[in-house]
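Let me begin by presenting the structure, written as structure tokens, before commenting on it.
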Amino acid sequence: MASRTPLDKAQSRPRTRGEARRDLLRDRGISLSDVARDLGKNLSVISRVNRGQRRSRTIERAIAERLGLPLTEVFPEWYADEAKAVCGRAGRSRGGADPTTSQ
């Protein structure tokens, strides 16, 4: 069975990913208003990014950093492909040759 991320666990109750992220932040004593203030951004922009209605790598990173989790776990809707690419490259040799082929 695949391991569950903190976002998966927080999302186990019926709600959106944005609500789960907000609750995880709240559990750490952080609000979206805190993130907005720290970044000098408007709260509505932070909220839209959190809900997945707008993209901002800067804001996504800031939320992930405050949660202490990688972007691939905090925003799987945007970064799932990156996680797959990293996992796919892990088995390849640095020389670029496929170690499973014979010569």
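For the structure tokens, the naming scheme is as follows: chains receive sequential letters (A, B, ...) according to their order of presentation, residues are indexed from 1 within each chain, and ligands are indexed from 1 in presentation order.
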- Within 9 Å of Arg17 of chain A, counting only C-alpha atoms, which residues show up once you throw out same-chain ones fewer than 5 positions away? Write them as number ranges by chain, please. A: 7-8, 10-11, 22, 50-52, 74-75
- Query: Using only C-alpha atoms, which of the listed residues (A:Leu71, A:Ala80, A:Ile59, A:Leu24) sits closest to Gly40 of chain A?
  - Reply: A:Ile59
- Query: Counting only C-alpha atoms, what is within 12 Å of Glu65 of chain A, bar same-chain residues fewer than 5 positions away, as a ChimeraX atom specification?
  - Reply: /A:25,28,30,35,57-60,70-75
Preceding selection exported with N, CA and C atoms as a tab-separated table (two decimals), in the first residue's frame:
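Generated output (part_28.tsv):
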chain	number	residue	atom	x	y	z
A	25	LEU	N	-1.79	24.29	7.66
A	25	LEU	CA	-1.13	25.53	8.09
A	25	LEU	C	-1.63	25.95	9.46
A	28	ARG	N	-0.20	24.35	12.35
A	28	ARG	CA	1.16	24.82	12.65
A	28	ARG	C	1.16	26.27	13.14
A	30	ILE	N	-0.14	28.89	11.56
A	30	ILE	CA	0.09	29.80	10.44
A	30	ILE	C	-1.23	29.99	9.69
A	35	VAL	N	0.98	34.25	5.50
A	35	VAL	CA	1.73	34.02	4.25
A	35	VAL	C	1.66	35.27	3.38
A	57	ARG	N	4.40	30.05	-8.53
A	57	ARG	CA	5.42	29.17	-7.95
A	57	ARG	C	5.96	29.77	-6.64
A	58	THR	N	6.07	31.07	-6.57
A	58	THR	CA	6.56	31.73	-5.36
A	58	THR	C	5.62	31.46	-4.18
A	59	ILE	N	4.34	31.62	-4.41
A	59	ILE	CA	3.37	31.40	-3.33
A	59	ILE	C	3.27	29.93	-3.00
A	60	GLU	N	3.27	29.06	-4.01
A	60	GLU	CA	3.22	27.62	-3.78
A	60	GLU	C	4.41	27.18	-2.93
A	70	PRO	N	7.53	18.92	0.64
A	70	PRO	CA	7.89	19.23	-0.75
A	70	PRO	C	6.67	19.67	-1.56
A	71	LEU	N	6.92	20.45	-2.60
A	71	LEU	CA	5.85	20.92	-3.47
A	71	LEU	C	5.02	19.77	-4.03
A	72	THR	N	5.67	18.66	-4.33
A	72	THR	CA	4.97	17.51	-4.91
A	72	THR	C	3.92	16.94	-3.97
A	73	GLU	N	4.09	17.13	-2.66
A	73	GLU	CA	3.09	16.65	-1.71
A	73	GLU	C	2.05	17.72	-1.38
A	74	VAL	N	2.48	18.97	-1.38
A	74	VAL	CA	1.57	20.05	-1.00
A	74	VAL	C	0.64	20.43	-2.17
A	75	PHE	N	1.17	20.43	-3.39
A	75	PHE	CA	0.38	20.76	-4.57
A	75	PHE	C	0.48	19.62	-5.59
- Write out as a ChimeraX atom specification each polymer residue whose atoms come within 12 Å of Ala36 of chain A, counting only C-alpha atoms; drop sequence neighbours fewer than 3 positions from it. /A:30-33,39-50,58-60,62-63
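Between Tyr79 of chain A and the candidates A:Leu67, A:Arg61, A:Pro6, A:Gly18, the tightest atom-to-atom separation, counting only C-alpha atoms, involves A:Arg61.
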- Separation of atom CA of Arg54 of chain A from atom CA of Arg21 of chain A, in Å and rounded to one decimal: 15.1 Å
- Could you find all residues in segment 30-87 of chain A that DSSP calls helix (DSSP H, G or I) from the backbone, and write them as an NGL selection string? :A and (32-39 or 43-50 or 57-67 or 71-74 or 76-87)
Just the selected residues (C-alpha atoms), exported as a compact mmCIF listing (two decimals), in the first residue's frame, please.
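This is the output file selection-v2.txt:
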# COMPACT_ATOMS: atom_id res chain seq x y z
CA LEU A 32 -2.97 32.38 4.84
CA SER A 33 -2.96 35.99 6.06
CA ASP A 34 0.48 35.35 7.60
CA VAL A 35 1.73 34.02 4.25
CA ALA A 36 0.29 37.05 2.45
CA ARG A 37 1.89 39.47 4.90
CA ASP A 38 5.29 37.72 4.72
CA LEU A 39 5.26 37.83 0.92
CA LEU A 43 -4.70 37.71 0.76
CA SER A 44 -7.06 37.07 -2.15
CA VAL A 45 -4.13 36.10 -4.38
CA ILE A 46 -2.76 33.72 -1.72
CA SER A 47 -6.22 32.18 -1.29
CA ARG A 48 -6.69 31.65 -5.03
CA VAL A 49 -3.31 29.94 -5.30
CA ASN A 50 -4.09 27.79 -2.27
CA ARG A 57 5.42 29.17 -7.95
CA THR A 58 6.56 31.73 -5.36
CA ILE A 59 3.37 31.40 -3.33
CA GLU A 60 3.22 27.62 -3.78
CA ARG A 61 6.81 27.36 -2.50
CA ALA A 62 6.06 29.64 0.45
CA ILE A 63 3.10 27.49 1.52
CA ALA A 64 5.12 24.29 1.10
CA GLU A 65 8.04 25.72 3.10
CA ARG A 66 5.75 26.71 5.95
CA LEU A 67 4.30 23.21 5.96
CA LEU A 71 5.85 20.92 -3.47
CA THR A 72 4.97 17.51 -4.91
CA GLU A 73 3.09 16.65 -1.71
CA VAL A 74 1.57 20.05 -1.00
CA PRO A 76 0.10 17.31 -6.20
CA GLU A 77 -2.38 18.72 -8.70
CA TRP A 78 0.46 20.81 -10.20
CA TYR A 79 3.63 18.91 -9.33
CA ALA A 80 2.69 15.21 -9.63
CA ASP A 81 4.48 14.95 -13.00
CA GLU A 82 7.67 16.34 -11.47
CA ALA A 83 7.54 13.71 -8.72
CA LYS A 84 7.11 10.97 -11.32
CA ALA A 85 10.02 12.35 -13.37
CA VAL A 86 12.32 12.38 -10.33
CA CYS A 87 11.34 8.81 -9.45
